[in-house]
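J.: Please find coords.tsv (TSV, C-alpha atoms) on the next line:
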chain	number	residue	atom	x	y	z
A	11	MET	CA	14.96	8.75	-12.28
A	12	THR	CA	13.39	8.57	-15.70
A	13	PRO	CA	12.31	11.75	-17.48
A	14	GLU	CA	8.71	10.50	-17.26
A	15	THR	CA	8.94	10.12	-13.47
A	16	ARG	CA	10.53	13.53	-13.06
A	17	ASP	CA	7.80	15.07	-15.18
A	18	ALA	CA	5.11	13.34	-13.11
A	19	LEU	CA	6.66	14.70	-9.91
A	20	ARG	CA	6.88	18.28	-11.23
A	21	PRO	CA	3.93	19.50	-9.07
A	22	PHE	CA	5.74	18.25	-5.96
A	23	HIS	CA	9.03	19.83	-6.98
A	24	ASP	CA	7.49	23.19	-7.81
A	25	GLU	CA	5.44	23.35	-4.61
A	26	ALA	CA	8.46	22.43	-2.45
A	27	ILE	CA	10.54	25.17	-4.06
A	28	ALA	CA	7.67	27.64	-3.65
A	29	ARG	CA	7.67	26.89	0.08
A	30	GLY	CA	11.34	27.82	0.34
A	31	ILE	CA	12.80	24.33	0.66
A	32	PRO	CA	16.33	24.35	-0.84
A	33	GLU	CA	16.76	22.68	-4.21
A	34	ASP	CA	19.34	20.21	-2.85
A	35	ASP	CA	16.92	18.98	-0.20
A	36	VAL	CA	14.13	18.63	-2.76
A	37	GLU	CA	16.38	16.69	-5.15
A	38	ARG	CA	17.52	14.29	-2.40
A	39	TRP	CA	13.87	13.64	-1.54
A	40	LEU	CA	12.99	13.08	-5.20
A	41	GLY	CA	15.78	10.50	-5.28
A	42	THR	CA	13.76	8.32	-2.90
A	43	ALA	CA	10.84	8.00	-5.36
A	44	ARG	CA	9.49	4.49	-5.98
A	45	PRO	CA	7.14	3.24	-8.69
A	46	CYS	CA	3.83	1.77	-7.59
A	47	LEU	CA	0.57	0.50	-9.01
A	48	ALA	CA	-2.73	2.02	-7.97
A	49	LEU	CA	-5.54	-0.53	-8.18
A	50	ALA	CA	-8.91	1.14	-8.48
A	51	GLN	CA	-12.37	-0.37	-8.75
A	52	CYS	CA	-13.95	-0.31	-12.18
A	53	GLY	CA	-17.12	1.69	-12.65
A	54	ALA	CA	-20.53	0.09	-12.63
A	55	ASP	CA	-20.40	-0.14	-16.43
A	56	GLY	CA	-17.15	-2.12	-16.29
A	57	ASP	CA	-15.10	0.72	-17.82
A	58	ASP	CA	-11.43	0.17	-16.99
A	59	GLY	CA	-10.75	3.92	-16.94
A	60	GLY	CA	-7.73	3.59	-19.21
A	61	GLY	CA	-5.94	0.93	-17.17
A	62	PRO	CA	-6.05	-2.84	-17.66
A	63	VAL	CA	-8.23	-5.00	-15.42
A	64	VAL	CA	-5.73	-6.97	-13.33
A	65	GLY	CA	-7.81	-8.62	-10.62
A	66	ARG	CA	-10.72	-8.03	-8.33
A	67	PHE	CA	-11.83	-7.26	-4.83
A	68	GLY	CA	-13.60	-10.31	-3.43
A	69	GLY	CA	-15.15	-12.88	-5.72
A	70	PRO	CA	-14.92	-16.67	-5.35
A	71	LEU	CA	-12.07	-17.94	-3.18
A	72	LEU	CA	-10.05	-20.33	-5.37
A	73	LEU	CA	-7.15	-22.18	-3.72
A	74	PRO	CA	-5.08	-25.31	-4.33
A	75	ALA	CA	-6.32	-28.35	-2.44
A	76	ASP	CA	-3.19	-28.51	-0.26
A	77	VAL	CA	-3.51	-24.91	1.00
A	78	PRO	CA	-5.33	-24.69	4.36
A	79	ASP	CA	-8.30	-22.38	4.76
A	80	PRO	CA	-6.82	-18.93	5.49
A	81	ALA	CA	-7.32	-17.55	9.00
A	82	HIS	CA	-8.27	-14.08	7.76
A	83	PRO	CA	-10.93	-12.62	5.43
A	84	PHE	CA	-10.34	-12.66	1.68
A	85	VAL	CA	-9.64	-9.16	0.32
A	86	ALA	CA	-8.48	-9.37	-3.29
A	87	SER	CA	-6.87	-11.46	-6.01
A	88	ILE	CA	-4.36	-10.13	-8.54
A	89	ASP	CA	-3.60	-11.66	-11.94
A	90	LEU	CA	0.15	-11.14	-12.17
A	91	ALA	CA	0.29	-11.74	-15.92
A	92	ALA	CA	-2.08	-8.78	-16.40
A	93	LEU	CA	0.06	-6.27	-14.50
A	94	PRO	CA	1.89	-3.67	-16.60
A	95	ALA	CA	5.52	-4.81	-16.90
A	96	ASP	CA	7.84	-3.45	-14.17
A	97	ALA	CA	5.26	-0.86	-13.11
A	98	SER	CA	5.24	-1.96	-9.45
A	99	GLY	CA	9.03	-1.80	-9.05
A	100	LEU	CA	8.90	-5.23	-7.37
A	101	PRO	CA	10.34	-8.57	-8.60
A	102	LEU	CA	6.95	-10.27	-8.79
A	103	PRO	CA	6.34	-13.57	-10.60
A	104	PRO	CA	5.43	-13.06	-14.27
A	105	ASP	CA	2.17	-14.99	-13.99
A	106	GLY	CA	-0.12	-16.77	-11.58
A	107	HIS	CA	-2.25	-15.07	-8.95
A	108	LEU	CA	-1.61	-13.38	-5.61
A	109	LEU	CA	-4.45	-13.66	-3.11
A	110	PHE	CA	-4.52	-11.16	-0.24
A	111	PHE	CA	-6.15	-11.81	3.14
A	112	ALA	CA	-6.46	-9.49	6.13
A	113	PHE	CA	-8.46	-8.54	9.20
A	114	PRO	CA	-8.53	-4.71	9.26
A	115	GLU	CA	-7.97	-4.39	12.98
A	116	LEU	CA	-4.95	-4.95	15.23
A	117	ARG	CA	-5.77	-7.87	17.51
A	118	SER	CA	-2.31	-9.13	18.53
A	119	SER	CA	1.14	-7.55	18.62
A	120	TYR	CA	2.76	-10.93	18.01
A	121	GLU	CA	0.85	-12.27	15.04
A	122	SER	CA	0.35	-11.27	11.45
A	123	GLU	CA	-3.14	-9.88	10.78
A	124	GLY	CA	-3.28	-11.37	7.32
A	125	SER	CA	-1.47	-13.40	4.69
A	126	VAL	CA	-0.72	-13.71	0.98
A	127	VAL	CA	-1.06	-16.89	-1.07
A	128	TYR	CA	0.71	-17.27	-4.40
A	129	VAL	CA	-1.03	-19.61	-6.84
A	130	PRO	CA	1.30	-20.39	-9.77
A	131	ALA	CA	-0.18	-20.40	-13.27
A	132	GLY	CA	-1.74	-23.71	-14.23
A	133	THR	CA	-2.27	-24.86	-10.63
A	134	ALA	CA	-5.50	-26.77	-10.04
A	135	VAL	CA	-7.77	-24.91	-7.60
A	136	THR	CA	-11.07	-25.54	-5.85
A	137	GLU	CA	-13.60	-23.05	-4.54
A	138	ARG	CA	-13.54	-22.61	-0.76
A	139	ASP	CA	-15.94	-21.25	1.82
A	140	ARG	CA	-15.19	-17.53	1.99
A	141	ASN	CA	-16.46	-17.43	5.59
A	142	ALA	CA	-14.30	-20.26	6.96
A	143	TRP	CA	-12.12	-17.72	8.79
A	144	ASN	CA	-15.11	-16.76	10.98
A	145	SER	CA	-15.45	-20.19	12.57
A	146	LEU	CA	-17.23	-18.81	15.64
A	147	ASP	CA	-19.82	-16.99	13.52
A	148	PHE	CA	-19.39	-13.60	15.17
A	149	ASP	CA	-22.15	-11.40	13.79
A	150	ASP	CA	-20.16	-8.16	13.88
A	151	GLU	CA	-17.23	-9.73	12.03
A	152	ALA	CA	-19.58	-11.27	9.48
A	153	ALA	CA	-21.13	-7.84	8.89
A	154	MET	CA	-17.66	-6.33	8.51
A	155	PHE	CA	-16.76	-8.93	5.87
A	156	GLU	CA	-20.01	-8.29	4.03
A	157	ALA	CA	-18.92	-4.66	3.70
A	158	PHE	CA	-15.62	-5.56	2.00
A	159	PRO	CA	-15.51	-4.13	-1.55
A	160	GLN	CA	-16.38	-6.35	-4.51
A	161	GLY	CA	-15.64	-6.03	-8.19
A	162	PRO	CA	-12.93	-5.76	-10.85
A	163	LEU	CA	-9.75	-3.76	-10.28
A	164	ARG	CA	-7.91	-1.75	-12.90
A	165	ALA	CA	-4.21	-0.87	-12.65
A	166	LEU	CA	-2.76	2.60	-13.14
A	167	PRO	CA	1.02	3.08	-12.89
A	168	GLY	CA	2.07	5.74	-10.43
A	169	VAL	CA	4.96	7.02	-8.37
A	170	SER	CA	5.33	7.27	-4.61
A	171	LEU	CA	7.36	9.39	-2.20
A	172	PRO	CA	7.59	8.85	1.58
A	173	TYR	CA	4.62	9.87	3.67
A	174	HIS	CA	6.70	9.48	6.83
A	175	HIS	CA	9.41	11.85	8.00
A	176	SER	CA	10.80	10.56	11.31
A	177	VAL	CA	12.64	7.64	12.88
A	178	ASP	CA	12.23	6.59	16.49
A	179	ILE	CA	15.14	7.04	18.90
A	180	PRO	CA	15.37	5.67	22.48
A	181	GLU	CA	15.62	9.07	24.23
A	182	GLU	CA	14.05	12.51	24.15
A	183	PRO	CA	12.78	13.92	21.84
A	184	TRP	CA	12.04	10.23	20.91
A	185	SER	CA	12.25	10.86	17.18
A	186	GLU	CA	14.43	12.65	14.64
A	187	PRO	CA	14.22	13.45	10.92
A	188	LEU	CA	14.99	10.70	8.44
A	189	PRO	CA	18.77	10.36	8.13
A	190	GLY	CA	20.10	12.56	5.35
A	191	HIS	CA	16.88	14.57	5.11
A	192	PRO	CA	16.85	17.47	7.60
A	193	ARG	CA	13.77	18.97	5.93
A	194	ALA	CA	11.92	15.63	5.91
A	195	GLU	CA	8.84	16.88	7.76
A	196	GLU	CA	8.31	19.77	5.35
A	197	LEU	CA	8.88	17.53	2.34
A	198	ALA	CA	6.43	14.91	3.60
A	199	GLU	CA	3.86	17.69	4.07
A	200	VAL	CA	4.39	18.82	0.48
A	201	TRP	CA	3.84	15.27	-0.74
A	202	GLU	CA	0.67	15.00	1.34
A	203	ASP	CA	-0.60	18.18	-0.30
A	204	THR	CA	0.38	17.31	-3.88
A	205	HIS	CA	0.11	13.54	-4.29
A	206	ASP	CA	-3.53	13.69	-5.38
A	207	ALA	CA	-2.38	15.62	-8.44
A	208	ILE	CA	0.37	13.09	-9.14
A	209	ALA	CA	-0.68	9.61	-8.05
A	210	PRO	CA	-3.94	7.95	-9.20
A	211	ALA	CA	-6.50	7.68	-6.41
A	212	SER	CA	-7.10	4.15	-5.14
A	213	SER	CA	-7.67	2.24	-1.93
A	214	PHE	CA	-5.34	-0.66	-2.89
A	215	ARG	CA	-1.75	-0.27	-4.03
A	216	ILE	CA	1.14	-2.53	-4.95
A	217	GLY	CA	4.64	-1.27	-4.16
A	218	GLY	CA	5.65	2.27	-3.27
A	219	TYR	CA	5.59	3.67	0.26
A	220	ALA	CA	3.16	2.76	3.00
A	221	CYS	CA	0.95	5.37	4.61
A	222	ASP	CA	-0.86	5.47	7.96
A	223	GLU	CA	-3.15	8.25	9.09
A	224	GLY	CA	-1.36	10.37	11.67
A	225	VAL	CA	1.78	8.19	11.90
A	226	TYR	CA	5.10	9.84	11.05
A	227	THR	CA	7.44	6.84	11.10
A	228	ASP	CA	7.61	4.21	8.36
A	229	PRO	CA	4.79	1.66	8.78
A	230	ILE	CA	7.07	-0.99	7.24
A	231	GLY	CA	9.47	-0.43	10.13
A	232	ILE	CA	6.59	-1.16	12.50
A	233	ALA	CA	5.80	-4.33	10.55
A	234	ALA	CA	9.46	-5.41	10.73
A	235	LEU	CA	9.50	-4.80	14.49
A	236	ARG	CA	6.32	-6.81	15.04
A	237	ALA	CA	7.54	-9.61	12.78
A	238	GLY	CA	10.70	-9.81	14.89
A	239	GLN	CA	8.65	-9.93	18.08
A	240	ALA	CA	6.51	-12.70	16.60
A	241	ALA	CA	9.62	-14.67	15.65
A	242	GLU	CA	11.10	-14.28	19.14
A	243	ALA	CA	7.83	-15.51	20.61
A	244	GLY	CA	7.93	-18.56	18.37
A	245	ARG	CA	4.90	-17.43	16.38
A	246	GLY	CA	6.59	-16.63	13.10
A	247	ASP	CA	8.06	-18.71	10.30
A	248	GLY	CA	11.75	-18.56	11.20
A	249	PRO	CA	14.07	-15.62	11.97
A	250	VAL	CA	13.51	-12.20	10.43
A	251	SER	CA	15.53	-9.03	10.08
A	252	GLY	CA	14.71	-6.05	12.25
A	253	ASP	CA	16.33	-3.67	9.75
A	254	VAL	CA	13.63	-1.80	7.83
A	255	SER	CA	15.92	-1.58	4.79
A	256	ASP	CA	15.58	-5.36	4.44
A	257	TRP	CA	11.81	-5.03	4.05
A	258	VAL	CA	9.55	-3.62	1.36
A	259	LEU	CA	5.87	-2.88	0.98
A	260	LEU	CA	4.19	-5.56	-1.14
A	261	ALA	CA	0.75	-3.95	-0.98
A	262	ASP	CA	-1.50	-1.89	1.21
A	263	TRP	CA	-5.23	-1.38	1.45
A	264	TYR	CA	-6.96	1.62	2.96
A	265	ALA	CA	-9.98	-0.28	4.22
A	266	GLY	CA	-11.47	2.86	5.72
A	267	MET	CA	-12.52	3.95	2.24
A	268	ASP	CA	-14.58	0.81	1.83
A	269	VAL	CA	-15.60	-0.74	5.16
A	270	GLN	CA	-17.94	1.33	7.31
A	271	GLY	CA	-17.04	1.07	10.97
A	272	TRP	CA	-13.38	0.55	10.19
A	273	GLU	CA	-12.67	4.07	8.98
A	274	SER	CA	-8.96	4.92	8.94
A	275	ALA	CA	-7.97	1.22	9.02
A	276	THR	CA	-4.96	0.60	6.80
A	277	VAL	CA	-3.54	-2.84	6.06
A	278	HIS	CA	0.11	-3.31	5.07
A	279	TRP	CA	1.44	-6.52	3.57
A	280	ALA	CA	5.22	-6.31	4.11
A	281	ILE	CA	7.87	-8.77	2.99
A	282	GLN	CA	11.61	-9.12	3.35
A	283	ARG	CA	13.40	-8.34	0.09
A	284	GLU	CA	15.11	-11.74	-0.05
A	285	ASP	CA	11.77	-13.51	0.48
A	286	LEU	CA	10.19	-11.48	-2.30
A	287	ALA	CA	13.04	-12.29	-4.67
A	288	ALA	CA	12.50	-16.00	-3.92
A	289	TRP	CA	8.67	-15.67	-4.14
A	290	ARG	CA	8.28	-16.88	-0.55
A	291	PHE	CA	4.95	-15.13	-0.07
A	292	HIS	CA	4.07	-17.28	2.94
A	293	ARG	CA	6.65	-15.12	4.76
A	294	VAL	CA	4.62	-11.92	4.31
A	295	PHE	CA	3.85	-10.13	7.58
A	296	THR	CA	0.61	-8.18	7.69
A	297	SER	CA	0.30	-5.19	10.01
A	298	VAL	CA	-2.69	-2.94	10.59
A	299	PHE	CA	-3.09	0.63	11.73
A	300	TRP	CA	-6.54	1.57	12.95
A	301	ASN	CA	-7.48	4.79	14.67
A	302	PRO	CA	-11.16	4.25	15.57
For this file, write the structure as structure tokens.
T.:
Amino acid sequence: MTPETRDALRPFHDEAIARGIPEDDVERWLGTARPCLALAQCGADGDDGGGPVVGRFGGPLLLPADVPDPAHPFVASIDLAALPADASGLPLPPDGHLLFFAFPELRSSYESEGSVVYVPAGTAVTERDRNAWNSLDFDDEAAMFEAFPQGPLRALPGVSLPYHHSVDIPEEPWSEPLPGHPRAEELAEVWEDTHDAIAPASSFRIGGYACDEGVYTDPIGIAALRAGQAAEAGRGDGPVSGDVSDWVLLADWYAGMDVQGWESATVHWAIQREDLAAWRFHRVFTSVFWNP
């Protein structure tokens, strides 16, 4: 851990110690810290708030001619060359654009609820119909899409600790603390209470740990499980690992901050580490938690 990261996490450390959590437990938890990028909307005056503009919510949908119309609504595009170097902690391409798509509601346990398209730098693109995903012209879904946020996004480097504190087990009590962290629940509560003073506020993040409202196991583990189920059902793109350690959060979006009617909906774009290293973004699996 760099001195800068340790300094940023000082409010967490001090609060955990004040609550009587032993120093060794706090230090082990701090050892799990991951860098992340908080992407926040620019103000109405275009002020970047101190961080570079790296993409935008919405806008025109620009895709290569050989890429089919995505099956999910367009959320955001990220200019990879504009991202602060190494700030996400992920081996992303140095340039080009990542386009994120998602439907902020769980509709099938065996299919991804979104996708990611990587457009390498210099690739010829054409503008597409942003509403092509809604081929049946459902009014409620059209209204939902109209409520998606629009506008430039600025990037602020941050740091992330786990929001989750349990792993599922196949017998009572059905869950147990994260291995190696007997005080995991207390530590996750401290992070919940202190992260606003540490991590920049945003509804879209790249890297770090995923968070779901009211869920105490790792959302990326849920994504890995569902990706495996999809693969077994012949709906995925080849075999996948069911081991959560083989997966990482690419990005998540708390749609509930932006889309009225879908409050508490959180979208997670998860990817296997080996796919990320090879820039196989078509292998992203998108999961959604929504507590209406």
J.: Distance CA of Pro80 (chain A)-CA of Val258 (chain A), one decimal place?
T.: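 These atoms are spaced 22.8 Å apart.
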J.: With all atoms listed in the file as the counted atoms, please give the residues lying no more than 10 Å from Arg290 (chain A), apart from itself and same-chain residues fewer than 4 positions off, as a ChimeraX atom specification.
T.: /A:126-128,281-286,294
J.: Quick one: write out the picked residues with C-alpha atoms as a PDB file, in the frame of the given file?
T.:
ATOM      1  CA  VAL A 126      -0.720 -13.710   0.980  1.00  0.00           C
ATOM      2  CA  VAL A 127      -1.060 -16.890  -1.070  1.00  0.00           C
ATOM      3  CA  TYR A 128       0.710 -17.270  -4.400  1.00  0.00           C
ATOM      4  CA  ILE A 281       7.870  -8.770   2.990  1.00  0.00           C
ATOM      5  CA  GLN A 282      11.610  -9.120   3.350  1.00  0.00           C
ATOM      6  CA  ARG A 283      13.400  -8.340   0.090  1.00  0.00           C
ATOM      7  CA  GLU A 284      15.110 -11.740  -0.050  1.00  0.00           C
ATOM      8  CA  ASP A 285      11.770 -13.510   0.480  1.00  0.00           C
ATOM      9  CA  LEU A 286      10.190 -11.480  -2.300  1.00  0.00           C
ATOM     10  CA  VAL A 294       4.620 -11.920   4.310  1.00  0.00           C
TER      11      VAL A 294
END
J.: Of the candidates A:His175, A:Asp89, A:Ala48, A:Arg16, which shows the shortest atom-to-atom distance to Pro192 (chain A), using all atoms listed in the file?
T.: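 Residue with the minimum atom-to-atom distance to Pro192 (chain A): A:His175.
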J.: Using all atoms listed in the file, find the one residue out of A:Phe110, A:Glu25, A:Pro162, A:Ser87 that sits nearest to Glu123 (chain A).
T.: A:Phe110
J.: Go through A:Asp79, A:Glu195, A:Asp247, A:Glu37 one by one, measure the shortest atom-to-atom distance of each to Tyr226 (chain A) using all atoms listed in the file, and give the residue with the smallest value.
T.: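 The answer is A:Glu195, which sits nearest to Tyr226 (chain A).
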J.: For Thr133 (chain A), work out the shell of residues within 12 Å, counting all atoms listed in the file and skipping chain neighbours fewer than 4 positions away, then give it as a ChimeraX atom specification.
T.: /A:72-77,105-107,128-129
J.: Hey, what's within 8 Å of Trp272 (chain A) if we count only C-alpha atoms and toss same-chain stuff fewer than 6 positions away? As a list in words, please?
T.: Pro114, Glu115, Ala265, Gly266, Trp300 and Pro302 of chain A
J.: Could you write out the selected residues, including C-alpha atoms, as a compact mmCIF listing (two decimals), in the coordinates of the input?
T.:
# COMPACT_ATOMS: atom_id res chain seq x y z
CA PRO A 114 -8.53 -4.71 9.26
CA GLU A 115 -7.97 -4.39 12.98
CA ALA A 265 -9.98 -0.28 4.22
CA GLY A 266 -11.47 2.86 5.72
CA TRP A 300 -6.54 1.57 12.95
CA PRO A 302 -11.16 4.25 15.57
J.: Sorted by chain and rising residue number, which residues of region 61-106 of chain A lie within 9 Å of region 205-216 of chain A, and what are their closest atom pairs and distances in Å to one decimal, counting all atoms listed in the file, as a tab-separated table?
T.:
residue	atom	partner	partner_atom	distance
A:Ser98	CA	A:Ile216	CA	6.1
A:Gly99	CA	A:Ile216	CA	8.9
A:Leu100	CA	A:Ile216	CA	8.6
J.: As an NGL selection string, please: the residues near Ala43 (chain A) (cut-off 9 Å, only C-alpha atoms, same-chain neighbours under 3 positions excluded).
T.: :A and (11 or 15 or 39-40 or 169-172 or 218-219)
J.: Excluding His278 (chain A) and its own-chain neighbours fewer than 3 positions away, which residues fall within 6 Å of it when counting all atoms listed in the file? Please give them as a compact mmCIF listing (two decimals) with C-alpha atoms, in the coordinates of the input.
T.:
# COMPACT_ATOMS: atom_id res chain seq x y z
CA ASP A 262 -1.50 -1.89 1.21
CA THR A 296 0.61 -8.18 7.69
CA SER A 297 0.30 -5.19 10.01
J.: Between A:Leu163, A:Leu108, A:Val250, A:Val225, which residue has the minimum interatomic distance to Phe291 (chain A), considering all atoms listed in the file?
T.: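 Smallest distance to Phe291 (chain A) is found for A:Leu108.
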J.: Render region 138-160 of chain A from the structure in the preceding block as a file of N, CA, C and O atoms, as a CSV table (one decimal), in the first residue's frame.
T.:
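For reference, part.csv as written:
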chain,number,residue,atom,x,y,z
A,138,ARG,N,-25.6,5.0,-34.6
A,138,ARG,CA,-26.7,4.0,-34.6
A,138,ARG,C,-28.0,4.5,-33.9
A,138,ARG,O,-27.9,5.5,-33.2
A,139,ASP,N,-29.1,3.9,-34.1
A,139,ASP,CA,-30.3,4.2,-33.4
A,139,ASP,C,-30.2,3.8,-32.0
A,139,ASP,O,-30.0,2.6,-31.6
A,140,ARG,N,-30.2,4.7,-31.1
A,140,ARG,CA,-30.1,4.4,-29.6
A,140,ARG,C,-31.2,3.6,-29.1
A,140,ARG,O,-31.1,3.1,-28.0
A,141,ASN,N,-32.4,3.6,-29.8
A,141,ASN,CA,-33.5,2.9,-29.3
A,141,ASN,C,-33.7,1.5,-30.0
A,141,ASN,O,-34.8,0.9,-29.8
A,142,ALA,N,-32.7,1.0,-30.7
A,142,ALA,CA,-32.9,-0.2,-31.4
A,142,ALA,C,-33.1,-1.4,-30.5
A,142,ALA,O,-33.7,-2.4,-30.8
A,143,TRP,N,-32.6,-1.3,-29.2
A,143,TRP,CA,-32.8,-2.4,-28.3
A,143,TRP,C,-34.2,-2.6,-27.9
A,143,TRP,O,-34.6,-3.7,-27.5
A,144,ASN,N,-35.0,-1.5,-28.0
A,144,ASN,CA,-36.5,-1.6,-27.6
A,144,ASN,C,-37.3,-1.9,-28.9
A,144,ASN,O,-38.1,-1.0,-29.3
A,145,SER,N,-37.1,-3.0,-29.5
A,145,SER,CA,-37.7,-3.3,-30.8
A,145,SER,C,-39.2,-3.4,-30.7
A,145,SER,O,-39.9,-3.2,-31.8
A,146,LEU,N,-39.7,-3.7,-29.6
A,146,LEU,CA,-41.2,-3.8,-29.4
A,146,LEU,C,-41.8,-2.5,-29.0
A,146,LEU,O,-43.0,-2.5,-28.8
A,147,ASP,N,-41.1,-1.5,-28.8
A,147,ASP,CA,-41.6,-0.2,-28.5
A,147,ASP,C,-42.4,-0.2,-27.2
A,147,ASP,O,-43.5,0.4,-27.1
A,148,PHE,N,-41.9,-0.8,-26.2
A,148,PHE,CA,-42.6,-0.8,-24.9
A,148,PHE,C,-42.5,0.6,-24.3
A,148,PHE,O,-41.4,1.2,-24.1
A,149,ASP,N,-43.6,1.2,-24.0
A,149,ASP,CA,-43.6,2.6,-23.5
A,149,ASP,C,-42.9,2.8,-22.2
A,149,ASP,O,-42.2,3.8,-22.0
A,150,ASP,N,-43.1,1.8,-21.2
A,150,ASP,CA,-42.5,2.0,-19.9
A,150,ASP,C,-40.9,1.9,-20.0
A,150,ASP,O,-40.2,2.6,-19.4
A,151,GLU,N,-40.5,1.0,-20.9
A,151,GLU,CA,-39.0,0.8,-21.1
A,151,GLU,C,-38.4,2.1,-21.8
A,151,GLU,O,-37.3,2.5,-21.6
A,152,ALA,N,-39.2,2.6,-22.8
A,152,ALA,CA,-38.8,3.8,-23.4
A,152,ALA,C,-38.7,5.0,-22.4
A,152,ALA,O,-37.7,5.8,-22.5
A,153,ALA,N,-39.6,5.1,-21.5
A,153,ALA,CA,-39.6,6.1,-20.5
A,153,ALA,C,-38.4,5.9,-19.6
A,153,ALA,O,-37.8,6.9,-19.1
A,154,MET,N,-38.1,4.7,-19.2
A,154,MET,CA,-37.0,4.4,-18.4
A,154,MET,C,-35.7,4.9,-19.1
A,154,MET,O,-34.8,5.6,-18.5
A,155,PHE,N,-35.5,4.6,-20.4
A,155,PHE,CA,-34.3,5.0,-21.1
A,155,PHE,C,-34.2,6.5,-21.2
A,155,PHE,O,-33.1,7.0,-21.1
A,156,GLU,N,-35.3,7.1,-21.3
A,156,GLU,CA,-35.3,8.6,-21.4
A,156,GLU,C,-34.8,9.2,-20.1
A,156,GLU,O,-34.3,10.3,-20.1
A,157,ALA,N,-34.9,8.5,-19.0
A,157,ALA,CA,-34.5,9.0,-17.7
A,157,ALA,C,-33.0,8.7,-17.4
A,157,ALA,O,-32.5,9.1,-16.4
A,158,PHE,N,-32.3,7.9,-18.3
A,158,PHE,CA,-30.9,7.7,-18.1
A,158,PHE,C,-30.2,9.0,-18.1
A,158,PHE,O,-30.5,9.9,-18.8
A,159,PRO,N,-29.1,9.1,-17.3
A,159,PRO,CA,-28.4,10.4,-17.2
A,159,PRO,C,-27.7,10.7,-18.5
A,159,PRO,O,-27.3,9.8,-19.3
A,160,GLN,N,-27.4,12.0,-18.8
A,160,GLN,CA,-26.8,12.5,-20.0
A,160,GLN,C,-25.7,13.5,-19.6
A,160,GLN,O,-26.0,14.3,-18.6
